[in-house]
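Visitor: First the structure, which I've put down as structure tokens, then a few questions once you've had a look.
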Amino acid sequence: MNTESSLSVVLAGGGTAGHISPLLAIAHALRETRPDVRLLAVGTPGGMEARLVPAAGVDLATIRRVPFPRRPSLDLLRLPGRLVGAVKQAGVILEDAKADVLVGVGGYVCTPMYLAARRRKIPIVIHEANTRPGLANRVGARLGGHVAVAFAGTRLGASRHVGMPMRREISNLNRSAARAAARAALGLDPDRPALIVTGGSSGAQSINRTIAASVGLLAESGIQTLHITGRGKAVHDADGKPLAAPGYQQREYVDGMETVYAAADLLLARSGAATVCEVAAVGVPAVFVPLPIGNGEQALNAAGLVEAGGALLVEDGTFSPAWVREHIIPLLQDKDRLAVMAASAEKLGIRDADQRMADLILETAQVYAPSEKPSKQHGRKR
């Protein structure tokens with residue numbers, strides 16, 4: 001460990017909110033536990049982290065994005081040179097920060113950071129958010145990283161199940177206590193059953209189409225719907241006007257998902273890792289419509305919660321107005337079933353994952369023998 005000053009932790013990850021949110025939650029927990037800690041986040045210049053990380057009060061360094069092509073192409077031929085360049089950049093960042101520990105949460109930036117840290121004998125701590133591990137974190141685990149996972153079913157070396165680090169506004173949420181204020185803030189009737197639909201910040205067109213075609217069914221059943229369509233994804237009627245119907249309102253974005261979780265009797269959403277873990281932590285009944293593309297990780301993310309009875313799952317191609325009529329409407333009219341689902345979800349939820357990660361990072365820094373650490377200039381090769 002660096003004995004000249006406070007503990008230095010470098011946190012790598014970015015590209016999507018699914019990487020940035022846990023990174024920032026971990027940073028916050030580290031600062032609470034070790035107020036003298038020095039933190040530096042590493043991302044890419046074009047990722048969301050370029051805006052979100054500095055806004056959260058964490059310094060950010062950037063390296064070039066090095067995607068790994070899945071098929072033979074010119075980009076695949078260029079990969080070795082690009083990776084070597086990114087690893088050099090990563091090494092400079094680690095040396096300048098006098099890093100005691102590297103923490104990776106996944107994303108393109110992590111592979112070169114892991115390689116640079118291994119070369120300099122800097123211990124690596126990994127958080128894997130998905131049930132099916134990403135390539136970068138698989139590399140980090142093979143390099144000897146200490147692995148923590150959000151889902152108990154994730155297979156990535158000798159891992160520790162810690163859950164998903166999340167903002168305190170969510171992990172500390174008391175849905176019952178916050179319900180009335182949340183509904184008022186979102187313009188929802190305090191007494192009618194509420195379905196809240198979200199496809200994430202970028203929206204989900206297939207979900208949007210089905211909900212737009214179901215607003216009449218939902219209203220006739222006494223259900224109010226808040227439809228969060230995603231930025232630039234407003235739903236329009238046949239005349240090109242924003243869709244309007246009794247008991248239905250749409251917004252492109254809601255700032256603060258804790259308000260949504262508190263207000264909803266039922267949440268309809270994609271099953272990204274963060275959403276699944278947050279739903280479990282706060283105990284909100286959910287219907288998940290996994291993204292139909294990719295490697296199937298979204299369905300795997302939701303599997304444990306569905307099996308425990310805390311959520312339902314429907315394939316994207318099956319989700320239709322008929323499915324809404326047959327499954328969602330009866331569920332929203334059954335308060336007892338919703339209560340059972342909420343309790344089942346909450347049993348699986350982990351609210352202190354950020355602190356568990358901070359503890360693992362500090363343990364790793366403590367175990368790493370100072371005598372093995374190179375001198376002030378670290379004696380490391382660039």
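Order determines the names: the first chain of the structure tokens is A, the second B, and so forth; residues in each chain are numbered 1 upward, and ligands are numbered 1 upward as they are shown.
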Contacts of A:Val149 at 12 Å or less, counting only C-alpha atoms, minus same-chain residues fewer than 6 places along, as an MDAnalysis selection string?
Guide: chainID A and resid 22 104:106 125:134 137 141 155:165 273 277 301 350 353:354 356:357 360
Visitor: Excluding same-chain residues fewer than 4 positions from A:Leu267, what lies within 9 Å of it counting only C-alpha atoms, as a list in words?
Guide: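 Residues near the query, excluding close chain neighbours: Ala194, Leu195, Ile196, Val197, Thr198, Val260, Tyr261, Val279, Val284, Pro285, Ala286, Val287 and Phe288 of chain A.
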Visitor: If you run DSSP on this backbone, which residues of stretch 217-259 of chain A come out as helix (DSSP H, G or I), and could you give them as a VMD selection string?
Guide: chain A and resid 217 to 220 257 to 259
Visitor: List as a PDB file with all heavy atoms, in the first residue's frame the protein and nucleic acid residues near A:Ala219, meaning an atom at most 10 Å away when only C-alpha atoms are counted, but skip any in the same chain fewer than 2 places from it.
Guide:
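Ended up saving to around-v1.pdb:
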ATOM      1  N   SER A 214     -52.755  -0.574 -25.540  1.00  0.00           N
ATOM      2  CA  SER A 214     -53.450  -1.158 -24.387  1.00  0.00           C
ATOM      3  C   SER A 214     -54.061  -0.119 -23.462  1.00  0.00           C
ATOM      4  O   SER A 214     -54.681  -0.494 -22.455  1.00  0.00           O
ATOM      5  CB  SER A 214     -52.480  -2.028 -23.576  1.00  0.00           C
ATOM      6  OG  SER A 214     -51.877  -3.026 -24.377  1.00  0.00           O
ATOM      7  N   VAL A 215     -53.903   1.163 -23.781  1.00  0.00           N
ATOM      8  CA  VAL A 215     -54.345   2.193 -22.827  1.00  0.00           C
ATOM      9  C   VAL A 215     -55.846   2.114 -22.569  1.00  0.00           C
ATOM     10  O   VAL A 215     -56.311   2.358 -21.454  1.00  0.00           O
ATOM     11  CB  VAL A 215     -53.934   3.599 -23.295  1.00  0.00           C
ATOM     12  CG1 VAL A 215     -52.420   3.758 -23.246  1.00  0.00           C
ATOM     13  CG2 VAL A 215     -54.456   3.906 -24.689  1.00  0.00           C
ATOM     14  N   GLY A 216     -56.619   1.763 -23.591  1.00  0.00           N
ATOM     15  CA  GLY A 216     -58.064   1.645 -23.400  1.00  0.00           C
ATOM     16  C   GLY A 216     -58.422   0.506 -22.464  1.00  0.00           C
ATOM     17  O   GLY A 216     -59.254   0.658 -21.559  1.00  0.00           O
ATOM     18  N   LEU A 217     -57.786  -0.642 -22.664  1.00  0.00           N
ATOM     19  CA  LEU A 217     -58.030  -1.789 -21.794  1.00  0.00           C
ATOM     20  C   LEU A 217     -57.705  -1.465 -20.343  1.00  0.00           C
ATOM     21  O   LEU A 217     -58.459  -1.816 -19.423  1.00  0.00           O
ATOM     22  CB  LEU A 217     -57.161  -2.975 -22.245  1.00  0.00           C
ATOM     23  CG  LEU A 217     -57.463  -3.618 -23.595  1.00  0.00           C
ATOM     24  CD1 LEU A 217     -56.345  -4.597 -23.954  1.00  0.00           C
ATOM     25  CD2 LEU A 217     -58.803  -4.339 -23.542  1.00  0.00           C
ATOM     26  N   SER A 221     -60.342  -0.875 -16.948  1.00  0.00           N
ATOM     27  CA  SER A 221     -60.194  -1.738 -15.768  1.00  0.00           C
ATOM     28  C   SER A 221     -59.891  -0.942 -14.506  1.00  0.00           C
ATOM     29  O   SER A 221     -59.600  -1.524 -13.451  1.00  0.00           O
ATOM     30  CB  SER A 221     -59.075  -2.751 -16.016  1.00  0.00           C
ATOM     31  OG  SER A 221     -59.332  -3.521 -17.170  1.00  0.00           O
ATOM     32  N   GLY A 222     -59.915   0.372 -14.616  1.00  0.00           N
ATOM     33  CA  GLY A 222     -59.667   1.221 -13.453  1.00  0.00           C
ATOM     34  C   GLY A 222     -58.214   1.397 -13.109  1.00  0.00           C
ATOM     35  O   GLY A 222     -57.871   1.802 -11.991  1.00  0.00           O
ATOM     36  N   ILE A 223     -57.329   1.126 -14.065  1.00  0.00           N
ATOM     37  CA  ILE A 223     -55.888   1.201 -13.834  1.00  0.00           C
ATOM     38  C   ILE A 223     -55.330   2.468 -14.459  1.00  0.00           C
ATOM     39  O   ILE A 223     -55.649   2.807 -15.601  1.00  0.00           O
ATOM     40  CB  ILE A 223     -55.191  -0.037 -14.436  1.00  0.00           C
ATOM     41  CG1 ILE A 223     -55.631  -1.299 -13.688  1.00  0.00           C
ATOM     42  CG2 ILE A 223     -53.662   0.109 -14.395  1.00  0.00           C
ATOM     43  CD1 ILE A 223     -55.291  -2.577 -14.404  1.00  0.00           C
ATOM     44  N   GLN A 224     -54.505   3.179 -13.704  1.00  0.00           N
ATOM     45  CA  GLN A 224     -53.814   4.347 -14.250  1.00  0.00           C
ATOM     46  C   GLN A 224     -52.413   3.929 -14.687  1.00  0.00           C
ATOM     47  O   GLN A 224     -51.790   3.054 -14.073  1.00  0.00           O
ATOM     48  CB  GLN A 224     -53.744   5.478 -13.235  1.00  0.00           C
ATOM     49  CG  GLN A 224     -53.042   5.127 -11.934  1.00  0.00           C
ATOM     50  CD  GLN A 224     -53.066   6.252 -10.923  1.00  0.00           C
ATOM     51  OE1 GLN A 224     -53.030   7.429 -11.276  1.00  0.00           O
ATOM     52  NE2 GLN A 224     -53.120   5.909  -9.638  1.00  0.00           N
ATOM     53  N   THR A 225     -51.950   4.553 -15.762  1.00  0.00           N
ATOM     54  CA  THR A 225     -50.664   4.169 -16.350  1.00  0.00           C
ATOM     55  C   THR A 225     -49.780   5.381 -16.519  1.00  0.00           C
ATOM     56  O   THR A 225     -50.189   6.387 -17.116  1.00  0.00           O
ATOM     57  CB  THR A 225     -50.866   3.518 -17.733  1.00  0.00           C
ATOM     58  OG1 THR A 225     -51.749   2.401 -17.610  1.00  0.00           O
ATOM     59  CG2 THR A 225     -49.537   3.053 -18.315  1.00  0.00           C
ATOM     60  N   ALA A 245     -55.086   9.671 -23.223  1.00  0.00           N
ATOM     61  CA  ALA A 245     -56.231   8.813 -22.916  1.00  0.00           C
ATOM     62  C   ALA A 245     -56.542   8.949 -21.433  1.00  0.00           C
ATOM     63  O   ALA A 245     -55.673   9.338 -20.642  1.00  0.00           O
ATOM     64  CB  ALA A 245     -55.918   7.355 -23.266  1.00  0.00           C
ATOM     65  N   PRO A 246     -57.783   8.648 -21.040  1.00  0.00           N
ATOM     66  CA  PRO A 246     -58.122   8.718 -19.616  1.00  0.00           C
ATOM     67  C   PRO A 246     -57.216   7.797 -18.793  1.00  0.00           C
ATOM     68  O   PRO A 246     -56.973   6.641 -19.168  1.00  0.00           O
ATOM     69  CB  PRO A 246     -59.578   8.220 -19.587  1.00  0.00           C
ATOM     70  CG  PRO A 246     -60.101   8.481 -20.962  1.00  0.00           C
ATOM     71  CD  PRO A 246     -58.935   8.267 -21.876  1.00  0.00           C
ATOM     72  N   GLY A 247     -56.707   8.312 -17.681  1.00  0.00           N
ATOM     73  CA  GLY A 247     -55.878   7.508 -16.796  1.00  0.00           C
ATOM     74  C   GLY A 247     -54.488   7.222 -17.316  1.00  0.00           C
ATOM     75  O   GLY A 247     -53.756   6.425 -16.721  1.00  0.00           O
ATOM     76  N   TYR A 248     -54.119   7.854 -18.435  1.00  0.00           N
ATOM     77  CA  TYR A 248     -52.812   7.593 -19.045  1.00  0.00           C
ATOM     78  C   TYR A 248     -52.024   8.892 -19.146  1.00  0.00           C
ATOM     79  O   TYR A 248     -52.553   9.937 -19.531  1.00  0.00           O
ATOM     80  CB  TYR A 248     -53.005   7.013 -20.449  1.00  0.00           C
ATOM     81  CG  TYR A 248     -51.726   6.901 -21.275  1.00  0.00           C
ATOM     82  CD1 TYR A 248     -50.878   5.811 -21.133  1.00  0.00           C
ATOM     83  CD2 TYR A 248     -51.375   7.899 -22.194  1.00  0.00           C
ATOM     84  CE1 TYR A 248     -49.718   5.698 -21.891  1.00  0.00           C
ATOM     85  CE2 TYR A 248     -50.215   7.794 -22.960  1.00  0.00           C
ATOM     86  CZ  TYR A 248     -49.391   6.696 -22.805  1.00  0.00           C
ATOM     87  OH  TYR A 248     -48.243   6.598 -23.556  1.00  0.00           O
ATOM     88  N   ILE A 329     -53.595  -6.883 -16.109  1.00  0.00           N
ATOM     89  CA  ILE A 329     -54.809  -6.317 -15.511  1.00  0.00           C
ATOM     90  C   ILE A 329     -55.280  -7.139 -14.309  1.00  0.00           C
ATOM     91  O   ILE A 329     -55.522  -6.574 -13.224  1.00  0.00           O
ATOM     92  CB  ILE A 329     -55.910  -6.156 -16.578  1.00  0.00           C
ATOM     93  CG1 ILE A 329     -55.519  -5.021 -17.534  1.00  0.00           C
ATOM     94  CG2 ILE A 329     -57.267  -5.860 -15.928  1.00  0.00           C
ATOM     95  CD1 ILE A 329     -56.437  -4.841 -18.725  1.00  0.00           C
TER      96      ILE A 329
END
Visitor: Can you pull out the residues contacting stretch 52-63 of chain A? Cut-off 8 Å, using only C-alpha atoms, and skip same-chain residues under 6 positions away; I want them as a PyMOL selection string.
Guide: chain A and resi 20+24+27+39-45+86+89-90+93+109
Visitor: So the first atom is atom CA of A:Leu348 and the second is atom CA of A:Asn172; what is the distance between them in Å, to one decimal place?
Guide: 15.5 Å
Visitor: Between A:Gly14, A:Leu266, A:Ala365, A:Asp189, which one has atoms that come closest to A:Pro330, using only C-alpha atoms?
Guide: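 Of the candidates, the smallest distance to A:Pro330 is held by A:Leu266.
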Visitor: Would you list, as number ranges by chain, the residues of stretch 130-195 of chain A that end up in strand (DSSP E) under DSSP run on this structure's backbone?
Guide: A: 146-149, 160-161, 194-195
Visitor: Hey, can you check how far atom CA of A:Arg209 sits from atom CA of A:Gly310?
Guide: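 Separation between atom CA of A:Arg209 and atom CA of A:Gly310: 25.3 Å.
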Visitor: With only C-alpha atoms as the counted atoms, please give the residues lying no more than 12 Å from A:Gly294, apart from itself and same-chain residues fewer than 2 positions off, as JSON, numbers by chain.
Guide: {"A": [70, 132, 134, 272, 290, 291, 292, 296, 297, 298, 299, 300]}
Visitor: Just the selected residues (all heavy atoms), exported as a PDB file, in the first residue's frame, please.
Guide:
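Result written to again_39.pdb:
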ATOM      1  N   ARG A  70     -16.561  -8.948 -32.841  1.00  0.00           N
ATOM      2  CA  ARG A  70     -17.048 -10.319 -32.691  1.00  0.00           C
ATOM      3  C   ARG A  70     -16.794 -11.150 -33.952  1.00  0.00           C
ATOM      4  O   ARG A  70     -16.848 -12.366 -33.907  1.00  0.00           O
ATOM      5  CB  ARG A  70     -18.552 -10.305 -32.387  1.00  0.00           C
ATOM      6  CG  ARG A  70     -18.920  -9.489 -31.151  1.00  0.00           C
ATOM      7  CD  ARG A  70     -18.451 -10.147 -29.872  1.00  0.00           C
ATOM      8  NE  ARG A  70     -18.845  -9.370 -28.692  1.00  0.00           N
ATOM      9  CZ  ARG A  70     -18.535  -9.705 -27.459  1.00  0.00           C
ATOM     10  NH1 ARG A  70     -17.816 -10.793 -27.242  1.00  0.00           N
ATOM     11  NH2 ARG A  70     -18.925  -8.959 -26.433  1.00  0.00           N
ATOM     12  N   ARG A 132     -24.456 -13.288 -16.763  1.00  0.00           N
ATOM     13  CA  ARG A 132     -23.482 -13.777 -17.739  1.00  0.00           C
ATOM     14  C   ARG A 132     -22.352 -12.757 -17.823  1.00  0.00           C
ATOM     15  O   ARG A 132     -22.539 -11.657 -18.328  1.00  0.00           O
ATOM     16  CB  ARG A 132     -24.155 -13.969 -19.096  1.00  0.00           C
ATOM     17  CG  ARG A 132     -23.245 -14.500 -20.180  1.00  0.00           C
ATOM     18  CD  ARG A 132     -24.063 -14.947 -21.385  1.00  0.00           C
ATOM     19  NE  ARG A 132     -24.785 -16.191 -21.108  1.00  0.00           N
ATOM     20  CZ  ARG A 132     -25.775 -16.654 -21.875  1.00  0.00           C
ATOM     21  NH1 ARG A 132     -26.182 -15.978 -22.932  1.00  0.00           N
ATOM     22  NH2 ARG A 132     -26.372 -17.795 -21.574  1.00  0.00           N
ATOM     23  N   GLY A 134     -19.260 -10.258 -18.566  1.00  0.00           N
ATOM     24  CA  GLY A 134     -18.738  -9.626 -19.761  1.00  0.00           C
ATOM     25  C   GLY A 134     -17.292 -10.031 -20.020  1.00  0.00           C
ATOM     26  O   GLY A 134     -16.597 -10.540 -19.137  1.00  0.00           O
ATOM     27  N   GLY A 272     -32.578  -5.243 -17.249  1.00  0.00           N
ATOM     28  CA  GLY A 272     -31.176  -4.940 -17.042  1.00  0.00           C
ATOM     29  C   GLY A 272     -30.787  -5.267 -15.609  1.00  0.00           C
ATOM     30  O   GLY A 272     -31.624  -5.285 -14.701  1.00  0.00           O
ATOM     31  N   PRO A 290     -37.499  -9.009 -21.241  1.00  0.00           N
ATOM     32  CA  PRO A 290     -36.070  -8.949 -21.554  1.00  0.00           C
ATOM     33  C   PRO A 290     -35.801  -8.473 -22.975  1.00  0.00           C
ATOM     34  O   PRO A 290     -36.568  -8.764 -23.901  1.00  0.00           O
ATOM     35  CB  PRO A 290     -35.598 -10.397 -21.368  1.00  0.00           C
ATOM     36  CG  PRO A 290     -36.622 -11.032 -20.497  1.00  0.00           C
ATOM     37  CD  PRO A 290     -37.909 -10.364 -20.839  1.00  0.00           C
ATOM     38  N   LEU A 291     -34.706  -7.766 -23.137  1.00  0.00           N
ATOM     39  CA  LEU A 291     -34.260  -7.340 -24.460  1.00  0.00           C
ATOM     40  C   LEU A 291     -34.069  -8.574 -25.329  1.00  0.00           C
ATOM     41  O   LEU A 291     -33.387  -9.519 -24.924  1.00  0.00           O
ATOM     42  CB  LEU A 291     -32.944  -6.569 -24.321  1.00  0.00           C
ATOM     43  CG  LEU A 291     -32.441  -5.779 -25.516  1.00  0.00           C
ATOM     44  CD1 LEU A 291     -33.352  -4.589 -25.796  1.00  0.00           C
ATOM     45  CD2 LEU A 291     -31.019  -5.291 -25.247  1.00  0.00           C
ATOM     46  N   PRO A 292     -34.653  -8.598 -26.525  1.00  0.00           N
ATOM     47  CA  PRO A 292     -34.612  -9.825 -27.327  1.00  0.00           C
ATOM     48  C   PRO A 292     -33.331 -10.033 -28.111  1.00  0.00           C
ATOM     49  O   PRO A 292     -33.172 -11.045 -28.784  1.00  0.00           O
ATOM     50  CB  PRO A 292     -35.796  -9.636 -28.282  1.00  0.00           C
ATOM     51  CG  PRO A 292     -35.904  -8.164 -28.463  1.00  0.00           C
ATOM     52  CD  PRO A 292     -35.517  -7.563 -27.129  1.00  0.00           C
ATOM     53  N   GLY A 296     -28.695 -12.961 -24.336  1.00  0.00           N
ATOM     54  CA  GLY A 296     -29.706 -13.522 -23.443  1.00  0.00           C
ATOM     55  C   GLY A 296     -29.510 -13.201 -21.984  1.00  0.00           C
ATOM     56  O   GLY A 296     -30.193 -13.764 -21.126  1.00  0.00           O
ATOM     57  N   GLU A 297     -28.604 -12.267 -21.682  1.00  0.00           N
ATOM     58  CA  GLU A 297     -28.280 -12.006 -20.279  1.00  0.00           C
ATOM     59  C   GLU A 297     -29.456 -11.405 -19.519  1.00  0.00           C
ATOM     60  O   GLU A 297     -29.598 -11.635 -18.317  1.00  0.00           O
ATOM     61  CB  GLU A 297     -27.062 -11.090 -20.165  1.00  0.00           C
ATOM     62  CG  GLU A 297     -27.287  -9.676 -20.633  1.00  0.00           C
ATOM     63  CD  GLU A 297     -26.041  -8.811 -20.516  1.00  0.00           C
ATOM     64  OE1 GLU A 297     -24.928  -9.361 -20.468  1.00  0.00           O
ATOM     65  OE2 GLU A 297     -26.196  -7.590 -20.492  1.00  0.00           O
ATOM     66  N   GLN A 298     -30.330 -10.638 -20.195  1.00  0.00           N
ATOM     67  CA  GLN A 298     -31.423 -10.011 -19.458  1.00  0.00           C
ATOM     68  C   GLN A 298     -32.404 -11.037 -18.907  1.00  0.00           C
ATOM     69  O   GLN A 298     -32.896 -10.902 -17.785  1.00  0.00           O
ATOM     70  CB  GLN A 298     -32.134  -8.974 -20.323  1.00  0.00           C
ATOM     71  CG  GLN A 298     -31.333  -7.705 -20.537  1.00  0.00           C
ATOM     72  CD  GLN A 298     -32.213  -6.485 -20.761  1.00  0.00           C
ATOM     73  OE1 GLN A 298     -33.413  -6.576 -20.928  1.00  0.00           O
ATOM     74  NE2 GLN A 298     -31.593  -5.321 -20.770  1.00  0.00           N
ATOM     75  N   ALA A 299     -32.691 -12.067 -19.673  1.00  0.00           N
ATOM     76  CA  ALA A 299     -33.563 -13.126 -19.159  1.00  0.00           C
ATOM     77  C   ALA A 299     -32.906 -13.842 -17.980  1.00  0.00           C
ATOM     78  O   ALA A 299     -33.568 -14.182 -16.987  1.00  0.00           O
ATOM     79  CB  ALA A 299     -33.896 -14.122 -20.261  1.00  0.00           C
ATOM     80  N   LEU A 300     -31.607 -14.055 -18.065  1.00  0.00           N
ATOM     81  CA  LEU A 300     -30.883 -14.685 -16.958  1.00  0.00           C
ATOM     82  C   LEU A 300     -30.882 -13.790 -15.723  1.00  0.00           C
ATOM     83  O   LEU A 300     -31.003 -14.285 -14.600  1.00  0.00           O
ATOM     84  CB  LEU A 300     -29.449 -14.994 -17.392  1.00  0.00           C
ATOM     85  CG  LEU A 300     -29.275 -16.101 -18.432  1.00  0.00           C
ATOM     86  CD1 LEU A 300     -27.818 -16.176 -18.885  1.00  0.00           C
ATOM     87  CD2 LEU A 300     -29.730 -17.444 -17.874  1.00  0.00           C
TER      88      LEU A 300
END
